[in-house]
>>> print(open('final_4.cif').read())   # mmCIF, C-alpha atoms (C1' of nucleotides)
data_my_file
loop_
_atom_site.label_atom_id
_atom_site.label_comp_id
_atom_site.auth_asym_id
_atom_site.auth_seq_id
_atom_site.Cartn_x
_atom_site.Cartn_y
_atom_site.Cartn_z
CA MET A 1 0.00 0.00 0.00
CA LEU A 2 1.18 3.46 -0.90
CA SER A 3 1.54 5.86 1.98
CA MET A 4 -0.23 9.20 1.80
CA LYS A 5 3.21 10.73 1.57
CA THR A 6 3.92 8.95 -1.68
CA LYS A 7 0.48 9.63 -3.07
CA TYR A 8 0.92 13.31 -2.26
CA ALA A 9 4.38 13.36 -3.77
CA LEU A 10 3.11 11.95 -7.04
CA LYS A 11 0.16 14.31 -7.13
CA ALA A 12 2.36 17.28 -6.38
CA LEU A 13 4.75 16.39 -9.18
CA ILE A 14 1.90 15.92 -11.62
CA VAL A 15 0.49 19.31 -10.72
CA LEU A 16 3.89 20.90 -11.06
CA ALA A 17 4.56 19.20 -14.38
CA GLY A 18 1.24 20.42 -15.69
CA SER A 19 1.74 24.03 -14.65
CA GLU A 20 2.32 26.86 -17.08
CA GLU A 21 5.35 28.46 -15.53
CA GLY A 22 7.08 25.29 -14.44
CA ARG A 23 7.62 26.91 -11.05
CA MET A 24 5.10 26.71 -8.25
CA GLN A 25 5.06 27.51 -4.57
CA ALA A 26 4.29 24.92 -1.95
CA ARG A 27 1.11 26.71 -0.97
CA ALA A 28 -0.19 26.71 -4.53
CA ILE A 29 0.59 23.06 -5.05
CA ALA A 30 -1.09 22.16 -1.79
CA LYS A 31 -4.20 23.98 -2.85
CA ALA A 32 -4.26 22.55 -6.36
CA ALA A 33 -3.72 18.98 -5.25
CA ASN A 34 -5.67 19.19 -2.03
CA ILE A 35 -2.78 18.31 0.28
CA PRO A 36 -2.20 19.54 3.87
CA GLY A 37 0.20 22.46 3.52
CA LYS A 38 2.81 21.77 6.14
CA PHE A 39 2.94 18.11 5.29
CA LEU A 40 3.52 18.90 1.65
CA GLU A 41 6.36 21.22 2.61
CA ALA A 42 8.20 18.30 4.18
CA ILE A 43 7.54 16.15 1.15
CA LEU A 44 8.81 18.75 -1.29
CA THR A 45 11.92 19.27 0.80
CA GLU A 46 12.61 15.55 0.67
CA LEU A 47 12.10 15.47 -3.09
CA LYS A 48 14.53 18.31 -3.38
CA MET A 49 17.07 16.56 -1.18
CA ARG A 50 16.78 13.52 -3.41
CA GLY A 51 17.39 15.50 -6.56
CA VAL A 52 13.90 15.41 -8.00
CA LEU A 53 13.11 19.06 -7.41
CA ASP A 54 15.01 22.31 -7.39
CA SER A 55 13.91 25.19 -5.23
CA ARG A 56 14.38 28.88 -4.72
CA ARG A 57 13.41 30.61 -1.55
CA GLY A 58 12.27 34.07 -0.69
CA ALA A 59 9.58 36.09 -2.34
CA ASP A 60 8.72 34.69 -5.76
CA GLY A 61 10.48 31.47 -4.83
CA GLY A 62 9.06 28.02 -5.37
CA PHE A 63 9.81 24.59 -6.74
CA THR A 64 10.72 23.35 -10.19
CA LEU A 65 11.37 19.89 -11.56
CA ALA A 66 15.07 19.15 -11.50
CA ARG A 67 14.83 17.34 -14.82
CA ASP A 68 12.35 16.76 -17.58
CA ALA A 69 9.06 15.27 -16.43
CA SER A 70 9.51 12.44 -18.90
CA LYS A 71 12.66 11.43 -17.02
CA ILE A 72 11.02 11.25 -13.60
CA MET A 73 9.45 7.84 -13.23
CA ALA A 74 6.64 6.88 -10.89
CA GLY A 75 8.89 4.08 -9.65
CA ASP A 76 11.59 6.57 -8.66
CA ILE A 77 9.20 8.53 -6.49
CA ILE A 78 7.75 5.47 -4.81
CA ARG A 79 11.24 4.22 -3.99
CA ILE A 80 12.23 7.56 -2.54
CA MET A 81 9.19 7.92 -0.34
CA ASP A 82 8.14 4.37 0.51
CA GLY A 83 11.27 2.35 -0.15
CA PRO A 84 11.92 -0.50 -2.56
CA LEU A 85 9.24 -1.84 -4.89
CA ALA A 86 10.12 -5.46 -4.20
CA PRO A 87 7.97 -7.18 -1.60
CA ILE A 88 11.11 -8.42 0.09
CA ARG A 89 14.57 -6.92 0.29
CA CYS A 90 16.38 -9.94 -1.14
CA ALA A 91 14.37 -9.47 -4.34
CA SER A 92 15.17 -5.78 -4.71
CA MET A 93 17.52 -4.44 -7.37
CA THR A 94 17.94 -1.03 -5.84
CA ALA A 95 18.04 -2.00 -2.15
CA TYR A 96 19.18 -5.60 -2.13
CA LYS A 97 19.86 -7.17 1.23
CA ARG A 98 20.20 -10.84 2.02
CA CYS A 99 17.70 -12.29 4.48
CA ASP A 100 19.43 -12.94 7.79
CA ASP A 101 17.89 -16.36 8.15
CA CYS A 102 18.20 -17.57 4.57
CA PRO A 103 20.82 -20.28 4.06
CA ASP A 104 20.57 -20.43 0.27
CA GLU A 105 18.85 -17.76 -1.76
CA ALA A 106 18.97 -19.76 -4.96
CA ARG A 107 16.81 -22.45 -3.40
CA CYS A 108 14.44 -20.21 -1.45
CA ALA A 109 10.91 -20.67 -2.72
CA LEU A 110 9.92 -17.09 -1.97
CA HIS A 111 12.95 -15.43 -3.49
CA GLY A 112 12.12 -16.45 -7.05
CA LEU A 113 8.48 -15.54 -6.75
CA MET A 114 9.20 -12.17 -5.25
CA ARG A 115 11.68 -11.36 -7.97
CA GLU A 116 8.93 -12.00 -10.48
CA VAL A 117 6.67 -9.66 -8.56
CA ARG A 118 9.31 -6.97 -8.44
CA GLU A 119 9.88 -7.38 -12.16
CA ALA A 120 6.17 -7.05 -12.83
CA MET A 121 5.85 -3.93 -10.72
CA SER A 122 8.92 -2.34 -12.20
CA GLY A 123 7.58 -3.10 -15.65
CA VAL A 124 4.70 -0.76 -14.95
CA LEU A 125 6.12 1.81 -12.59
CA ASP A 126 9.53 2.37 -14.16
CA LYS A 127 7.98 2.87 -17.58
CA CYS A 128 5.48 5.49 -16.47
CA SER A 129 6.79 9.04 -16.12
CA ILE A 130 5.32 12.09 -14.48
CA HIS A 131 4.96 13.47 -17.99
CA ASP A 132 2.79 10.49 -18.94
CA LEU A 133 0.63 11.03 -15.89
CA ALA A 134 0.34 14.79 -16.34
CA ARG A 135 -0.74 14.77 -19.98
CA GLU A 136 -4.09 13.18 -19.21
CA GLU A 137 -7.00 15.37 -18.19
CA THR A 138 -6.33 15.01 -14.52
CA VAL A 139 -8.61 16.11 -11.72
CA PHE A 140 -7.87 15.92 -8.02
CA MET B 1 6.89 -4.85 1.59
CA LEU B 2 5.71 -8.16 2.97
CA SER B 3 5.38 -8.32 6.71
CA MET B 4 7.16 -11.06 8.61
CA LYS B 5 3.73 -12.44 9.36
CA THR B 6 3.01 -12.99 5.70
CA LYS B 7 6.44 -14.37 4.99
CA TYR B 8 6.03 -16.81 7.87
CA ALA B 9 2.55 -17.78 6.71
CA LEU B 10 3.83 -18.64 3.25
CA LYS B 11 6.79 -20.56 4.60
CA ALA B 12 4.60 -22.48 7.01
CA LEU B 13 2.22 -23.48 4.26
CA ILE B 14 5.04 -24.59 2.01
CA VAL B 15 6.49 -26.73 4.78
CA LEU B 16 3.10 -28.21 5.50
CA ALA B 17 2.41 -28.89 1.83
CA GLY B 18 5.74 -30.62 1.52
CA SER B 19 5.28 -32.85 4.54
CA GLU B 20 4.74 -36.61 4.32
CA GLU B 21 1.73 -36.93 6.57
CA GLY B 22 -0.04 -33.76 5.51
CA ARG B 23 -0.58 -33.00 9.19
CA MET B 24 1.95 -31.11 11.27
CA GLN B 25 1.98 -29.52 14.68
CA ALA B 26 2.74 -25.85 15.17
CA ARG B 27 5.93 -26.67 17.01
CA ALA B 28 7.24 -28.84 14.19
CA ILE B 29 6.42 -26.25 11.55
CA ALA B 30 8.10 -23.55 13.59
CA LYS B 31 11.24 -25.62 13.84
CA ALA B 32 11.27 -26.62 10.18
CA ALA B 33 10.68 -23.11 8.90
CA ASN B 34 12.64 -21.30 11.59
CA ILE B 35 9.77 -19.21 12.89
CA PRO B 36 9.19 -17.99 16.49
CA GLY B 37 6.82 -20.55 17.98
CA LYS B 38 4.20 -18.42 19.67
CA PHE B 39 4.04 -16.02 16.78
CA LEU B 40 3.47 -18.86 14.36
CA GLU B 41 0.65 -20.15 16.55
CA ALA B 42 -1.22 -16.90 16.05
CA ILE B 43 -0.58 -17.01 12.33
CA LEU B 44 -1.83 -20.58 11.96
CA THR B 45 -4.93 -19.73 13.94
CA GLU B 46 -5.64 -16.85 11.59
CA LEU B 47 -5.14 -19.07 8.55
CA LYS B 48 -7.56 -21.54 10.06
CA MET B 49 -10.10 -18.84 10.77
CA ARG B 50 -9.83 -17.76 7.14
CA GLY B 51 -10.42 -21.26 5.85
CA VAL B 52 -6.93 -22.04 4.62
CA LEU B 53 -6.11 -24.57 7.32
CA ASP B 54 -7.98 -27.16 9.32
CA SER B 55 -6.86 -28.10 12.78
CA ARG B 56 -7.33 -30.73 15.43
CA ARG B 57 -6.31 -30.18 19.00
CA GLY B 58 -5.17 -32.38 21.80
CA ALA B 59 -2.45 -34.99 21.71
CA ASP B 60 -1.65 -35.98 18.14
CA GLY B 61 -3.40 -32.86 16.91
CA GLY B 62 -1.99 -30.44 14.36
CA PHE B 63 -2.78 -28.53 11.20
CA THR B 64 -3.69 -29.66 7.71
CA LEU B 65 -4.38 -27.76 4.52
CA ALA B 66 -8.08 -27.14 4.14
CA ARG B 67 -7.86 -27.72 0.39
CA ASP B 68 -5.38 -28.94 -2.16
CA ALA B 69 -2.10 -27.03 -2.17
CA SER B 70 -2.57 -26.29 -5.86
CA LYS B 71 -5.72 -24.35 -4.97
CA ILE B 72 -4.09 -22.12 -2.36
CA MET B 73 -2.54 -19.17 -4.13
CA ALA B 74 0.26 -16.97 -2.86
CA GLY B 75 -1.99 -14.00 -3.57
CA ASP B 76 -4.69 -15.37 -1.27
CA ILE B 77 -2.28 -15.62 1.63
CA ILE B 78 -0.86 -12.17 1.11
CA ARG B 79 -4.34 -10.68 1.00
CA ILE B 80 -5.33 -12.47 4.18
CA MET B 81 -2.28 -11.41 6.14
CA ASP B 82 -1.25 -8.05 4.67
CA GLY B 83 -4.39 -6.86 2.93
CA PRO B 84 -5.03 -6.04 -0.72
CA LEU B 85 -2.35 -6.39 -3.38
CA ALA B 86 -3.21 -3.09 -5.00
CA PRO B 87 -1.06 -0.12 -3.98
CA ILE B 88 -4.20 1.89 -3.36
CA ARG B 89 -7.66 0.82 -2.30
CA CYS B 90 -9.47 2.36 -5.27
CA ALA B 91 -7.46 0.04 -7.53
CA SER B 92 -8.27 -3.13 -5.61
CA MET B 93 -10.63 -5.79 -6.92
CA THR B 94 -11.04 -7.58 -3.62
CA ALA B 95 -11.15 -4.58 -1.28
CA TYR B 96 -12.27 -1.69 -3.45
CA LYS B 97 -12.95 1.59 -1.74
CA ARG B 98 -13.29 5.01 -3.29
CA CYS B 99 -10.78 7.65 -2.24
CA ASP B 100 -12.51 10.20 -0.01
CA ASP B 101 -10.96 13.14 -1.78
CA CYS B 102 -11.27 11.92 -5.35
CA PRO B 103 -13.88 13.79 -7.41
CA ASP B 104 -13.64 11.58 -10.50
CA GLU B 105 -11.94 8.23 -10.50
CA ALA B 106 -12.04 7.87 -14.25
CA ARG B 107 -9.89 10.95 -14.64
CA CYS B 108 -7.51 10.34 -11.75
CA ALA B 109 -3.99 9.93 -13.01
CA LEU B 110 -3.00 7.54 -10.25
CA HIS B 111 -6.03 5.31 -10.46
CA GLY B 112 -5.23 3.93 -13.89
CA LEU B 113 -1.58 3.40 -13.12
CA MET B 114 -2.29 1.62 -9.88
CA ARG B 115 -4.79 -0.66 -11.55
CA GLU B 116 -2.04 -1.67 -13.95
CA VAL B 117 0.23 -2.39 -11.01
CA ARG B 118 -2.42 -4.47 -9.29
CA GLU B 119 -2.99 -6.39 -12.50
CA ALA B 120 0.72 -7.06 -12.84
CA MET B 121 1.04 -8.27 -9.26
CA SER B 122 -2.03 -10.42 -9.47
CA GLY B 123 -0.71 -11.93 -12.68
CA VAL B 124 2.18 -13.34 -10.73
CA LEU B 125 0.78 -13.98 -7.28
CA ASP B 126 -2.64 -15.36 -8.18
CA LYS B 127 -1.08 -17.84 -10.60
CA CYS B 128 1.42 -19.25 -8.15
CA SER B 129 0.12 -21.87 -5.72
CA ILE B 130 1.61 -23.29 -2.56
CA HIS B 131 1.97 -26.50 -4.52
CA ASP B 132 4.13 -24.72 -7.09
CA LEU B 133 6.28 -23.30 -4.34
CA ALA B 134 6.61 -26.53 -2.42
CA ARG B 135 7.69 -28.73 -5.30
CA GLU B 136 11.03 -27.01 -5.68
CA GLU B 137 13.94 -28.13 -3.55
CA THR B 138 13.28 -25.61 -0.87
CA VAL B 139 15.55 -24.78 2.03
CA PHE B 140 14.81 -22.40 4.87
"C1'" DC C 1 -11.00 -40.80 35.40
"C1'" DC C 2 -6.30 -38.83 34.87
"C1'" DA C 3 -2.29 -37.06 32.80
"C1'" DT C 4 -0.42 -35.31 28.84
"C1'" DT C 5 -0.45 -32.97 24.78
"C1'" DT C 6 -1.83 -29.60 21.70
"C1'" DT C 7 -4.65 -25.93 19.96
"C1'" DC C 8 -7.11 -21.71 21.28
"C1'" DC C 9 -7.80 -17.24 23.65
"C1'" DT C 10 -6.70 -12.95 26.13
"C1'" DA C 11 -3.54 -9.76 27.38
"C1'" DC C 12 0.48 -7.24 27.26
"C1'" DA C 13 5.15 -4.88 25.60
"C1'" DT C 14 7.88 -2.18 23.00
"C1'" DA C 15 9.51 -0.15 19.17
"C1'" DA C 16 8.71 1.85 14.97
"C1'" DC C 17 6.00 4.27 11.62
"C1'" DC C 18 2.22 7.46 9.76
"C1'" DA C 19 0.14 11.62 9.04
"C1'" DC C 20 0.46 15.63 10.53
"C1'" DT C 21 1.26 20.43 13.21
"C1'" DA C 22 3.99 24.43 15.41
"C1'" DG C 23 7.25 27.78 15.44
"C1'" DG C 24 10.79 30.08 13.90
"C1'" DA C 25 15.55 30.80 11.16
"C1'" DA C 26 17.58 31.73 6.76
"C1'" DA C 27 17.40 33.42 2.20
"C1'" DT C 28 15.56 36.25 -1.56
"C1'" DA C 29 12.88 39.97 -4.27
"C1'" DT C 30 11.13 44.43 -4.40
"C1'" DA D 1 13.65 47.34 5.31
"C1'" DT D 2 9.88 44.46 4.56
"C1'" DA D 3 7.39 40.86 2.95
"C1'" DT D 4 7.60 36.46 1.30
"C1'" DT D 5 8.95 31.82 0.93
"C1'" DT D 6 11.73 27.84 1.72
"C1'" DC D 7 14.29 25.31 5.33
"C1'" DC D 8 15.03 23.23 9.91
"C1'" DT D 9 13.96 21.24 14.47
"C1'" DA D 10 10.55 19.39 17.42
"C1'" DG D 11 6.74 17.19 18.88
"C1'" DT D 12 2.04 14.62 18.91
"C1'" DG D 13 -1.41 11.22 18.89
"C1'" DG D 14 -2.72 7.12 16.83
"C1'" DT D 15 -1.81 2.74 14.62
"C1'" DT D 16 0.92 -1.22 13.20
"C1'" DA D 17 4.69 -4.71 13.58
"C1'" DT D 18 6.70 -8.31 15.95
"C1'" DG D 19 6.59 -10.62 19.11
"C1'" DT D 20 5.88 -12.88 24.66
"C1'" DA D 21 3.32 -14.83 28.71
"C1'" DG D 22 -0.01 -17.44 30.80
"C1'" DG D 23 -3.54 -20.25 30.97
"C1'" DA D 24 -8.34 -22.41 29.28
"C1'" DA D 25 -10.41 -25.85 26.33
"C1'" DA D 26 -10.23 -30.07 23.87
"C1'" DA D 27 -8.53 -34.49 22.50
"C1'" DT D 28 -5.87 -38.77 23.20
"C1'" DG D 29 -3.73 -42.78 25.57
"C1'" DG D 30 -3.62 -45.37 29.53
#
>>> encode(input="final_4.cif", output="structure tokens")
Amino acid sequence: MLSMKTKYALKALIVLAGSEEGRMQARAIAKAANIPGKFLEAILTELKMRGVLDSRRGADGGFTLARDASKIMAGDIIRIMDGPLAPIRCASMTAYKRCDDCPDEARCALHGLMREVREAMSGVLDKCSIHDLAREETVF
Amino acid sequence: MLSMKTKYALKALIVLAGSEEGRMQARAIAKAANIPGKFLEAILTELKMRGVLDSRRGADGGFTLARDASKIMAGDIIRIMDGPLAPIRCASMTAYKRCDDCPDEARCALHGLMREVREAMSGVLDKCSIHDLAREETVF
DNA sequence: CCATTTTCCTACATAACCACTAGGAAATAT
DNA sequence: ATATTTCCTAGTGGTTATGTAGGAAAATGG
């Protein structure tokens, strides 16, 4: 299950990608996407820290996408906010970690299955960009 | 991410499905699958309550699969223990619920994407049975 | 009937996480 | 200088995760 945080992050990016100027203030995004203001602030800061957004402060400041919307994938955002896509760490590409109690990964029944799941999820989420999401007639 | 509970449930079922007798006691399963005993007890009880296992108590009691291992799908178990596969309730088949704040599902950018994800996950998890998992040379 | 075994049930513990909120410091534009 | 806006540190109240402890109820073997 996606956390609200992740859902808000995606919505915020879609709103931002669909904006005229390309730059929007936290307040405006919060209003447009119907997200609690202070909470969104924290989310945007995190996205900036992780290189997804750029920001400028002070009057007439705001946030911009750090790269083209077509290069920001839904999968990237979910990984940043919620962690790896894979249902289990030993099946993750981006955050692999061996299970403490697993004697032999190659013969673990779950490992193989969960890799398939990860692959399936990645196949959808890493092929869908914020640009793809923003071009539809989106309502929040 | 799968919870330990779900991981344990799957492991327990695989062990049980792979056993000679078809009936095993909680203690024995815990040992074979390397799961904390008392915790497993609770898990097995839940699986029984949800119709996946049958049980008999008293001396020489234990747990058996309530139906053929080939008819118990990994997806079923995950849904029972962790909830819906879909990343968001409005994209779930088995636990659909409209988002409170969503004015029009058909035009929600996330809805469509998350349905694709659910479909992809279901495609793997609802086609893989405990039987499939147990037939491999599994080690825990 | 009795003792033993095993499931079943209730309760608790503790740590982490989720979804936010408050208040102010630092930077920027006019 | 002032107003605006992001950035930073804290804290809060509720829920979930991952178990443990202790004993009641049921079944079996003798």
>>> calpha_fit_and_write(input="final_4.cif", fixed="chain A", moving="chain B", output="short mmCIF file (atom, residue, chain, number, x, y, z; two decimals) with C-alpha atoms, in the frame of the given file")
data_model
loop_
_atom_site.label_atom_id
_atom_site.label_comp_id
_atom_site.auth_asym_id
_atom_site.auth_seq_id
_atom_site.Cartn_x
_atom_site.Cartn_y
_atom_site.Cartn_z
CA MET B 1 0.05 -0.02 0.00
CA LEU B 2 1.24 3.45 -0.91
CA SER B 3 1.58 5.84 1.96
CA MET B 4 -0.19 9.18 1.82
CA LYS B 5 3.25 10.72 1.57
CA THR B 6 3.95 8.93 -1.68
CA LYS B 7 0.52 9.61 -3.07
CA TYR B 8 0.95 13.30 -2.26
CA ALA B 9 4.42 13.35 -3.78
CA LEU B 10 3.13 11.94 -7.05
CA LYS B 11 0.18 14.30 -7.13
CA ALA B 12 2.38 17.28 -6.38
CA LEU B 13 4.75 16.40 -9.18
CA ILE B 14 1.92 15.93 -11.64
CA VAL B 15 0.49 19.31 -10.73
CA LEU B 16 3.88 20.91 -11.06
CA ALA B 17 4.56 19.23 -14.40
CA GLY B 18 1.23 20.43 -15.68
CA SER B 19 1.70 24.03 -14.64
CA GLU B 20 2.25 26.88 -17.09
CA GLU B 21 5.27 28.49 -15.50
CA GLY B 22 7.03 25.32 -14.43
CA ARG B 23 7.58 26.95 -11.04
CA MET B 24 5.06 26.71 -8.24
CA GLN B 25 5.04 27.52 -4.56
CA ALA B 26 4.27 24.90 -1.94
CA ARG B 27 1.09 26.68 -0.97
CA ALA B 28 -0.22 26.70 -4.53
CA ILE B 29 0.58 23.03 -5.06
CA ALA B 30 -1.09 22.13 -1.79
CA LYS B 31 -4.23 23.94 -2.84
CA ALA B 32 -4.27 22.51 -6.36
CA ALA B 33 -3.69 18.95 -5.25
CA ASN B 34 -5.64 19.14 -2.01
CA ILE B 35 -2.77 18.26 0.28
CA PRO B 36 -2.18 19.47 3.89
CA GLY B 37 0.20 22.40 3.51
CA LYS B 38 2.82 21.73 6.14
CA PHE B 39 2.97 18.06 5.30
CA LEU B 40 3.53 18.85 1.65
CA GLU B 41 6.36 21.20 2.61
CA ALA B 42 8.23 18.30 4.17
CA ILE B 43 7.57 16.14 1.15
CA LEU B 44 8.83 18.75 -1.31
CA THR B 45 11.93 19.26 0.77
CA GLU B 46 12.63 15.54 0.65
CA LEU B 47 12.12 15.47 -3.11
CA LYS B 48 14.55 18.34 -3.42
CA MET B 49 17.09 16.62 -1.22
CA ARG B 50 16.80 13.56 -3.45
CA GLY B 51 17.39 15.56 -6.60
CA VAL B 52 13.90 15.44 -8.04
CA LEU B 53 13.09 19.09 -7.43
CA ASP B 54 14.97 22.36 -7.41
CA SER B 55 13.87 25.21 -5.23
CA ARG B 56 14.35 28.90 -4.72
CA ARG B 57 13.34 30.64 -1.54
CA GLY B 58 12.22 34.09 -0.65
CA ALA B 59 9.50 36.12 -2.30
CA ASP B 60 8.69 34.74 -5.73
CA GLY B 61 10.43 31.51 -4.82
CA GLY B 62 9.01 28.04 -5.38
CA PHE B 63 9.78 24.61 -6.74
CA THR B 64 10.68 23.38 -10.20
CA LEU B 65 11.36 19.94 -11.59
CA ALA B 66 15.06 19.20 -11.52
CA ARG B 67 14.82 17.39 -14.85
CA ASP B 68 12.33 16.82 -17.62
CA ALA B 69 9.05 15.31 -16.46
CA SER B 70 9.51 12.48 -18.94
CA LYS B 71 12.66 11.47 -17.07
CA ILE B 72 11.04 11.28 -13.64
CA MET B 73 9.47 7.87 -13.25
CA ALA B 74 6.68 6.90 -10.90
CA GLY B 75 8.92 4.10 -9.67
CA ASP B 76 11.63 6.57 -8.68
CA ILE B 77 9.23 8.54 -6.52
CA ILE B 78 7.80 5.48 -4.84
CA ARG B 79 11.28 4.22 -4.03
CA ILE B 80 12.29 7.57 -2.59
CA MET B 81 9.24 7.93 -0.38
CA ASP B 82 8.20 4.37 0.49
CA GLY B 83 11.33 2.35 -0.18
CA PRO B 84 11.96 -0.51 -2.58
CA LEU B 85 9.27 -1.84 -4.90
CA ALA B 86 10.12 -5.45 -4.19
CA PRO B 87 7.97 -7.18 -1.58
CA ILE B 88 11.11 -8.42 0.13
CA ARG B 89 14.58 -6.94 0.31
CA CYS B 90 16.37 -9.97 -1.12
CA ALA B 91 14.36 -9.49 -4.32
CA SER B 92 15.18 -5.80 -4.71
CA MET B 93 17.54 -4.49 -7.37
CA THR B 94 17.96 -1.07 -5.84
CA ALA B 95 18.08 -2.03 -2.16
CA TYR B 96 19.18 -5.65 -2.13
CA LYS B 97 19.87 -7.23 1.22
CA ARG B 98 20.20 -10.89 2.06
CA CYS B 99 17.69 -12.34 4.50
CA ASP B 100 19.42 -13.02 7.81
CA ASP B 101 17.86 -16.43 8.19
CA CYS B 102 18.16 -17.62 4.61
CA PRO B 103 20.76 -20.37 4.10
CA ASP B 104 20.51 -20.48 0.31
CA GLU B 105 18.82 -17.81 -1.72
CA ALA B 106 18.90 -19.80 -4.92
CA ARG B 107 16.75 -22.48 -3.36
CA CYS B 108 14.38 -20.23 -1.43
CA ALA B 109 10.85 -20.66 -2.67
CA LEU B 110 9.88 -17.08 -1.92
CA HIS B 111 12.91 -15.45 -3.45
CA GLY B 112 12.10 -16.43 -7.01
CA LEU B 113 8.45 -15.53 -6.71
CA MET B 114 9.18 -12.15 -5.22
CA ARG B 115 11.67 -11.36 -7.93
CA GLU B 116 8.92 -12.00 -10.45
CA VAL B 117 6.66 -9.64 -8.54
CA ARG B 118 9.32 -6.95 -8.44
CA GLU B 119 9.88 -7.37 -12.16
CA ALA B 120 6.17 -7.03 -12.83
CA MET B 121 5.86 -3.90 -10.71
CA SER B 122 8.93 -2.33 -12.19
CA GLY B 123 7.60 -3.07 -15.66
CA VAL B 124 4.72 -0.75 -14.95
CA LEU B 125 6.14 1.84 -12.60
CA ASP B 126 9.55 2.38 -14.16
CA LYS B 127 7.99 2.89 -17.59
CA CYS B 128 5.50 5.51 -16.49
CA SER B 129 6.81 9.06 -16.15
CA ILE B 130 5.34 12.11 -14.49
CA HIS B 131 4.97 13.47 -18.00
CA ASP B 132 2.80 10.51 -18.96
CA LEU B 133 0.66 11.05 -15.90
CA ALA B 134 0.34 14.79 -16.33
CA ARG B 135 -0.75 14.79 -19.96
CA GLU B 136 -4.09 13.21 -19.21
CA GLU B 137 -6.99 15.40 -18.19
CA THR B 138 -6.32 15.02 -14.53
CA VAL B 139 -8.58 16.12 -11.72
CA PHE B 140 -7.84 15.95 -8.02
#
>>> interface_residues(input="final_4.cif", of="chain A", to="chain D", cutoff="9 Å", atoms="only C-alpha atoms (C1' of nucleotides)", output="PyMOL selection string")
chain A and resi 25-26+41+45+55-62
>>> residues_around(input="final_4.cif", residues="B:Met81", least_positions_apart="2", cutoff="9 Å", atoms="only C-alpha atoms (C1' of nucleotides)", output="list in words")
Ser3, Lys5, Thr6, Ala9, Ile43, Glu46, Leu47, Asp76, Ile77, Ile78, Arg79 and Gly83 of chain B
>>> write_last_selection(input="final_4.cif", atoms="C-alpha atoms", output="mmCIF file, keeping the file's coordinate frame")
data_model
loop_
_atom_site.group_PDB
_atom_site.id
_atom_site.type_symbol
_atom_site.label_atom_id
_atom_site.label_comp_id
_atom_site.auth_asym_id
_atom_site.auth_seq_id
_atom_site.Cartn_x
_atom_site.Cartn_y
_atom_site.Cartn_z
ATOM 1 C CA SER B 3 5.380 -8.320 6.710
ATOM 2 C CA LYS B 5 3.730 -12.440 9.360
ATOM 3 C CA THR B 6 3.010 -12.990 5.700
ATOM 4 C CA ALA B 9 2.550 -17.780 6.710
ATOM 5 C CA ILE B 43 -0.580 -17.010 12.330
ATOM 6 C CA GLU B 46 -5.640 -16.850 11.590
ATOM 7 C CA LEU B 47 -5.140 -19.070 8.550
ATOM 8 C CA ASP B 76 -4.690 -15.370 -1.270
ATOM 9 C CA ILE B 77 -2.280 -15.620 1.630
ATOM 10 C CA ILE B 78 -0.860 -12.170 1.110
ATOM 11 C CA ARG B 79 -4.340 -10.680 1.000
ATOM 12 C CA GLY B 83 -4.390 -6.860 2.930
#
>>> closest_atom_pairs(input="final_4.cif", of="chain A", to="chain B", cutoff="8 Å", atoms="all atoms listed in the file", output="JSON lines")
{"residue": "A:Met1", "atom": "CA", "partner": "B:Pro87", "partner_atom": "CA", "distance": 4.1}
{"residue": "A:Leu2", "atom": "CA", "partner": "B:Pro87", "partner_atom": "CA", "distance": 5.2}
{"residue": "A:Pro84", "atom": "CA", "partner": "B:Met1", "partner_atom": "CA", "distance": 7.8}
{"residue": "A:Leu85", "atom": "CA", "partner": "B:Met1", "partner_atom": "CA", "distance": 7.5}
{"residue": "A:Ala86", "atom": "CA", "partner": "B:Met1", "partner_atom": "CA", "distance": 6.7}
{"residue": "A:Pro87", "atom": "CA", "partner": "B:Met1", "partner_atom": "CA", "distance": 4.1}
{"residue": "A:Ile88", "atom": "CA", "partner": "B:Met1", "partner_atom": "CA", "distance": 5.7}
{"residue": "A:Asp101", "atom": "CA", "partner": "B:Phe140", "partner_atom": "CA", "distance": 7.5}
{"residue": "A:Cys102", "atom": "CA", "partner": "B:Phe140", "partner_atom": "CA", "distance": 5.9}
{"residue": "A:Pro103", "atom": "CA", "partner": "B:Phe140", "partner_atom": "CA", "distance": 6.4}
{"residue": "A:Asp104", "atom": "CA", "partner": "B:Val139", "partner_atom": "CA", "distance": 6.9}
{"residue": "A:Arg107", "atom": "CA", "partner": "B:Thr138", "partner_atom": "CA", "distance": 5.4}
{"residue": "A:Cys108", "atom": "CA", "partner": "B:Thr138", "partner_atom": "CA", "distance": 5.6}
{"residue": "A:Ala109", "atom": "CA", "partner": "B:Leu133", "partner_atom": "CA", "distance": 5.6}
{"residue": "A:Leu110", "atom": "CA", "partner": "B:Leu133", "partner_atom": "CA", "distance": 7.6}
{"residue": "A:Leu113", "atom": "CA", "partner": "B:Val124", "partner_atom": "CA", "distance": 7.8}
{"residue": "A:Glu116", "atom": "CA", "partner": "B:Val124", "partner_atom": "CA", "distance": 6.9}
{"residue": "A:Val117", "atom": "CA", "partner": "B:Met121", "partner_atom": "CA", "distance": 5.8}
{"residue": "A:Ala120", "atom": "CA", "partner": "B:Ala120", "partner_atom": "CA", "distance": 5.5}
{"residue": "A:Met121", "atom": "CA", "partner": "B:Val117", "partner_atom": "CA", "distance": 5.8}
{"residue": "A:Val124", "atom": "CA", "partner": "B:Val117", "partner_atom": "CA", "distance": 6.2}
{"residue": "A:Leu125", "atom": "CA", "partner": "B:Val117", "partner_atom": "CA", "distance": 7.4}
{"residue": "A:Leu133", "atom": "CA", "partner": "B:Ala109", "partner_atom": "CA", "distance": 5.6}
{"residue": "A:Ala134", "atom": "CA", "partner": "B:Ala109", "partner_atom": "CA", "distance": 7.3}
{"residue": "A:Glu136", "atom": "CA", "partner": "B:Ala109", "partner_atom": "CA", "distance": 7.0}
{"residue": "A:Glu137", "atom": "CA", "partner": "B:Arg107", "partner_atom": "CA", "distance": 6.4}
{"residue": "A:Thr138", "atom": "CA", "partner": "B:Arg107", "partner_atom": "CA", "distance": 5.4}
{"residue": "A:Val139", "atom": "CA", "partner": "B:Cys108", "partner_atom": "CA", "distance": 5.9}
{"residue": "A:Phe140", "atom": "CA", "partner": "B:Cys102", "partner_atom": "CA", "distance": 5.9}
